[in-house]
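Asker: Here you go, one structure.
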Amino acid sequence: YETRSNRVSQKKAITLYLHVHQPFRVRQYSVFDTGESHDYFNEPNYNSERNNEYVFKKVAEKSYRPMNALLLKLLREHKDFKLSLSITGTFIDQAEQWAPDVIESFQALVATGKVEIVAETYHHSLAFFYSRNEFEKQVTLHRDKIKALFGVTPKVFRNTELAYNNELAQWADSQGYEGILAEGWDPILQWRSPNYVYRPPATKNISLLLKNYRLSDDLAFRFSDQSWGEWPLTADHYTDWLRQATEDAPLVNLFMDYETFGEHQWHET
């Protein structure tokens with residue numbers, strides 16, 4: 001959007017990034033199963049709330065299908081509207097098995113040329129902090145899967161749950177990534193604002209984008225909370241907050257789970 005200050009039009013950027021993931025839920029597995037059974041996730045006869053196929057199909061119906069349709073409509077109607085998605089390999093494995101049309105709907109979004117896919121670990125893991133070899137294997141596996149499904153090679157990296165340190169940024173820089181995403185954590189930022197583009201130390205080309213967690217969480221967590229002092233949150237009110245956040249800054253980064261729309265925040269809200 002544009003703001004006017006001292007009669008000069010200034011473009012302000014909103015970075016919308018949504019994370020798409022569904023875990024494989026572990027079945028009831030006790031110490032007595034050790035050495036006897038290794039089907040940790042295969043629970044077709046288990047109750048529905050822990051059945052992976054049931055949960056995935058439920059979320060696909062409430063979130064993935066309607067949200068993808070809405071985004072495709074918005075991308076076609078608004079020339080300046082763009083967004084970024086990270087899609088885990090774990091999600092893709094389940095979608096290919098139980099809802100291939102959901103993969104096709106994500107492919108339609110990417111085909112607009114206005115949706116960027118972000119790189120990450122295939123299994124939504126914290127491997128970087130435990131095994132560099134395992135971490136790099138998962139990133140490569142994810143990159144190859146994204147290339148095969150969507151015909152693109154990610155240029156921006158995010159670690160699981162936006163976990164970050166400068167060593168990770170240095171690794172991503174050495175791998176040719178142009179950007180890296182991270183949580184805008186107050187104890188680290190201190191007096192700094194997350195509404196700027198940063199350069200991690202000891203890197204040459206990579207940019208660091210930090211989540212504005214307050215404005216992100218207003219949508220992801222507080223939007224339907226009727227005890228919240230700002231409820232109900234209107235589009236005009238939220239836009240005013242965005243203008244305030246970027247009054248002296250160039251951008252605001254809104255990072256949240258894809259399932260915010262339709263699953264965490266139901267359609268009725």
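A note on labels: chains of the structure tokens are A, B, ... as shown, every chain counts residues from 1, and ligands are counted from 1 in their shown order.
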Which residues of range 128-227 of chain A have any atom within 10 Å of an atom in range 253-256 of chain A when counting only C-alpha atoms, and what is the closest pair of atoms for each, with the distance in Å to one decimal? Order the rows by chain and rising number and write it as CSV.
Answerer:
residue,atom,partner,partner_atom,distance
A:Leu162,CA,A:Phe255,CA,9.5
A:Leu181,CA,A:Phe255,CA,9.2
A:Ala182,CA,A:Phe255,CA,9.5
A:Glu183,CA,A:Phe255,CA,8.8
A:Gly184,CA,A:Asn253,CA,9.4
A:Pro194,CA,A:Asn253,CA,7.7
A:Asn195,CA,A:Asn253,CA,6.9
A:Tyr196,CA,A:Asn253,CA,9.0
A:Val197,CA,A:Asn253,CA,9.9
A:Leu209,CA,A:Asn253,CA,7.2
A:Leu210,CA,A:Asn253,CA,6.5
A:Lys211,CA,A:Asn253,CA,5.2
A:Asn212,CA,A:Asn253,CA,5.5
A:Tyr213,CA,A:Leu254,CA,7.4
A:Arg214,CA,A:Leu254,CA,9.1
A:Leu215,CA,A:Leu254,CA,6.9
A:Ser216,CA,A:Leu254,CA,5.0
A:Asp217,CA,A:Met256,CA,7.6
A:Leu219,CA,A:Met256,CA,8.4
A:Ala220,CA,A:Met256,CA,6.4
A:Phe221,CA,A:Met256,CA,9.6
Asker: Skipping near chain neighbours, those fewer than 4 positions away, what residues fall within 6 Å of Val20 in chain A using only C-alpha atoms, listed as a CSV table (one decimal) with C-alpha atoms, in the first residue's frame?
Answerer:
chain,number,residue,atom,x,y,z
A,86,SER,CA,6.7,-23.0,2.8
A,87,ILE,CA,5.3,-26.5,2.3
A,258,TYR,CA,-1.6,-21.6,6.7
Asker: Just checking: using only C-alpha atoms, which residue out of A:Asp39, A:Asp186, A:Asp173, A:Asp225 ends up closest to Ala202 in chain A?
Answerer: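 Checking each of A:Asp39, A:Asp186, A:Asp173, A:Asp225 against Ala202 in chain A, counting only C-alpha atoms, the winner is A:Asp173.
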Asker: Mind checking DSSP for range 140-244 of chain A and telling me the helix (DSSP H, G or I) residues as a PyMOL selection string?
Answerer: chain A and resi 140-150+160-162+166-174+186-189+213-220+235-244
Asker: Restricting the calculation to only C-alpha atoms: of A:Val156, A:Ile188, A:Leu72, A:Ala95, which residue gets closest to Leu109 in chain A?
Answerer: A:Leu72
Asker: Just give me the gap between CA of Trp98 in chain A and CA of Tyr29 in chain A in Å, one decimal is fine.
Answerer: 23.9 Å
Asker: Could you find all residues in range 85-140 of chain A that DSSP calls strand (DSSP E or B) from the backbone, and write them as an MDAnalysis selection string?
Answerer: chainID A and resid 85:87 115:117 119
Asker: For Ala127 in chain A, which residue among A:Ala111, A:Trp231, A:Asn159, A:Leu242 is the nearest when counting only C-alpha atoms?
Answerer: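 Answer, going by the shortest atom-to-atom distance: A:Asn159.
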Asker: Just give me the gap between CA of Thr90 in chain A and CA of Phe157 in chain A in Å, one decimal is fine.
Answerer: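 Those two atoms sit 17.1 Å apart.
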Asker: Range 140-153 of chain A: which residues within 8 Å, counting only C-alpha atoms, same-chain residues fewer than 6 positions away excluded, as a ChimeraX atom specification?
Answerer: /A:88-89,107,110-111,117,119-122
Asker: Now that the selection is made, can you save its residues with N, CA, C and O atoms as a PDB file, in the first residue's frame?
Answerer:
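File again.pdb, as written:
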ATOM      1  N   THR A  88       5.979 -28.250   3.766  1.00  0.00           N
ATOM      2  CA  THR A  88       6.880 -29.317   4.205  1.00  0.00           C
ATOM      3  C   THR A  88       6.698 -30.584   3.369  1.00  0.00           C
ATOM      4  O   THR A  88       5.631 -30.842   2.812  1.00  0.00           O
ATOM      5  N   GLY A  89       7.752 -31.376   3.332  1.00  0.00           N
ATOM      6  CA  GLY A  89       7.667 -32.670   2.673  1.00  0.00           C
ATOM      7  C   GLY A  89       6.684 -33.587   3.355  1.00  0.00           C
ATOM      8  O   GLY A  89       6.013 -34.416   2.707  1.00  0.00           O
ATOM      9  N   GLN A 107      -0.291 -25.978  -6.904  1.00  0.00           N
ATOM     10  CA  GLN A 107       0.404 -25.791  -8.183  1.00  0.00           C
ATOM     11  C   GLN A 107      -0.218 -24.649  -8.972  1.00  0.00           C
ATOM     12  O   GLN A 107       0.490 -23.874  -9.629  1.00  0.00           O
ATOM     13  N   VAL A 110       1.142 -21.360  -7.566  1.00  0.00           N
ATOM     14  CA  VAL A 110       2.522 -21.097  -7.982  1.00  0.00           C
ATOM     15  C   VAL A 110       2.583 -20.725  -9.459  1.00  0.00           C
ATOM     16  O   VAL A 110       3.398 -19.892  -9.877  1.00  0.00           O
ATOM     17  N   ALA A 111       1.694 -21.311 -10.251  1.00  0.00           N
ATOM     18  CA  ALA A 111       1.684 -21.052 -11.692  1.00  0.00           C
ATOM     19  C   ALA A 111       1.326 -19.611 -12.031  1.00  0.00           C
ATOM     20  O   ALA A 111       1.600 -19.144 -13.139  1.00  0.00           O
ATOM     21  N   ILE A 117       7.869 -20.158  -3.241  1.00  0.00           N
ATOM     22  CA  ILE A 117       8.035 -21.282  -2.324  1.00  0.00           C
ATOM     23  C   ILE A 117       9.341 -21.110  -1.563  1.00  0.00           C
ATOM     24  O   ILE A 117      10.393 -20.849  -2.153  1.00  0.00           O
ATOM     25  N   ALA A 119      12.361 -22.510   1.019  1.00  0.00           N
ATOM     26  CA  ALA A 119      13.079 -23.748   1.333  1.00  0.00           C
ATOM     27  C   ALA A 119      13.040 -24.024   2.828  1.00  0.00           C
ATOM     28  O   ALA A 119      12.951 -23.104   3.650  1.00  0.00           O
ATOM     29  N   GLU A 120      13.140 -25.319   3.191  1.00  0.00           N
ATOM     30  CA  GLU A 120      13.185 -25.718   4.588  1.00  0.00           C
ATOM     31  C   GLU A 120      13.604 -27.177   4.680  1.00  0.00           C
ATOM     32  O   GLU A 120      13.946 -27.804   3.680  1.00  0.00           O
ATOM     33  N   THR A 121      13.546 -27.745   5.882  1.00  0.00           N
ATOM     34  CA  THR A 121      13.810 -29.171   6.044  1.00  0.00           C
ATOM     35  C   THR A 121      12.601 -29.963   5.582  1.00  0.00           C
ATOM     36  O   THR A 121      11.460 -29.530   5.753  1.00  0.00           O
ATOM     37  N   TYR A 122      12.836 -31.140   5.017  1.00  0.00           N
ATOM     38  CA  TYR A 122      11.749 -31.944   4.476  1.00  0.00           C
ATOM     39  C   TYR A 122      10.770 -32.363   5.560  1.00  0.00           C
ATOM     40  O   TYR A 122       9.558 -32.316   5.378  1.00  0.00           O
TER      41      TYR A 122
END
Asker: Determine, counting only C-alpha atoms, which protein, DNA and RNA residues have an atom within 9 Å of an atom of Phe56 in chain A; residues of the same chain fewer than 2 positions away are not included. Present the result as JSON, numbers by chain.
Answerer: {"A": [22, 51, 52, 53, 54, 58, 59, 60, 61, 91, 94, 95, 98, 99]}
Asker: Report as a PDB file with N, CA, C and O atoms, in the first residue's frame all protein, DNA and RNA residues lying within 12 Å of Glu167 in chain A, evaluated on only C-alpha atoms, omitting residues in the same chain fewer than 6 positions from it.
Answerer:
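Everything below was put into part-v3.pdb:
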ATOM      1  N   PHE A 128      19.218 -29.090  12.141  1.00  0.00           N
ATOM      2  CA  PHE A 128      20.364 -28.177  12.070  1.00  0.00           C
ATOM      3  C   PHE A 128      21.123 -28.110  13.385  1.00  0.00           C
ATOM      4  O   PHE A 128      22.342 -27.987  13.407  1.00  0.00           O
ATOM      5  N   PHE A 129      20.408 -28.205  14.492  1.00  0.00           N
ATOM      6  CA  PHE A 129      21.027 -28.047  15.807  1.00  0.00           C
ATOM      7  C   PHE A 129      21.611 -29.346  16.351  1.00  0.00           C
ATOM      8  O   PHE A 129      22.186 -29.359  17.437  1.00  0.00           O
ATOM      9  N   ARG A 132      24.439 -31.650  11.183  1.00  0.00           N
ATOM     10  CA  ARG A 132      24.529 -30.872   9.954  1.00  0.00           C
ATOM     11  C   ARG A 132      24.333 -31.763   8.727  1.00  0.00           C
ATOM     12  O   ARG A 132      23.697 -31.353   7.751  1.00  0.00           O
ATOM     13  N   ASP A 173      23.731 -18.392   3.431  1.00  0.00           N
ATOM     14  CA  ASP A 173      24.446 -17.477   2.537  1.00  0.00           C
ATOM     15  C   ASP A 173      25.425 -18.244   1.660  1.00  0.00           C
ATOM     16  O   ASP A 173      25.515 -18.003   0.447  1.00  0.00           O
ATOM     17  N   SER A 174      26.141 -19.192   2.249  1.00  0.00           N
ATOM     18  CA  SER A 174      27.116 -19.986   1.486  1.00  0.00           C
ATOM     19  C   SER A 174      26.449 -20.879   0.461  1.00  0.00           C
ATOM     20  O   SER A 174      27.083 -21.279  -0.529  1.00  0.00           O
ATOM     21  N   ILE A 180      16.610 -15.146   4.398  1.00  0.00           N
ATOM     22  CA  ILE A 180      16.313 -16.112   5.447  1.00  0.00           C
ATOM     23  C   ILE A 180      15.279 -15.482   6.385  1.00  0.00           C
ATOM     24  O   ILE A 180      15.304 -14.268   6.627  1.00  0.00           O
ATOM     25  N   PRO A 200      22.666 -10.440   8.307  1.00  0.00           N
ATOM     26  CA  PRO A 200      23.309 -11.207   9.380  1.00  0.00           C
ATOM     27  C   PRO A 200      24.817 -11.012   9.363  1.00  0.00           C
ATOM     28  O   PRO A 200      25.418 -10.802   8.296  1.00  0.00           O
ATOM     29  N   PRO A 201      25.482 -11.081  10.523  1.00  0.00           N
ATOM     30  CA  PRO A 201      26.938 -10.890  10.576  1.00  0.00           C
ATOM     31  C   PRO A 201      27.667 -11.979   9.806  1.00  0.00           C
ATOM     32  O   PRO A 201      27.208 -13.125   9.720  1.00  0.00           O
ATOM     33  N   ALA A 202      28.808 -11.591   9.235  1.00  0.00           N
ATOM     34  CA  ALA A 202      29.686 -12.518   8.505  1.00  0.00           C
ATOM     35  C   ALA A 202      28.992 -13.148   7.299  1.00  0.00           C
ATOM     36  O   ALA A 202      29.281 -14.284   6.930  1.00  0.00           O
ATOM     37  N   THR A 203      28.061 -12.417   6.690  1.00  0.00           N
ATOM     38  CA  THR A 203      27.439 -12.871   5.441  1.00  0.00           C
ATOM     39  C   THR A 203      27.652 -11.804   4.370  1.00  0.00           C
ATOM     40  O   THR A 203      27.925 -10.639   4.680  1.00  0.00           O
TER      41      THR A 203
END
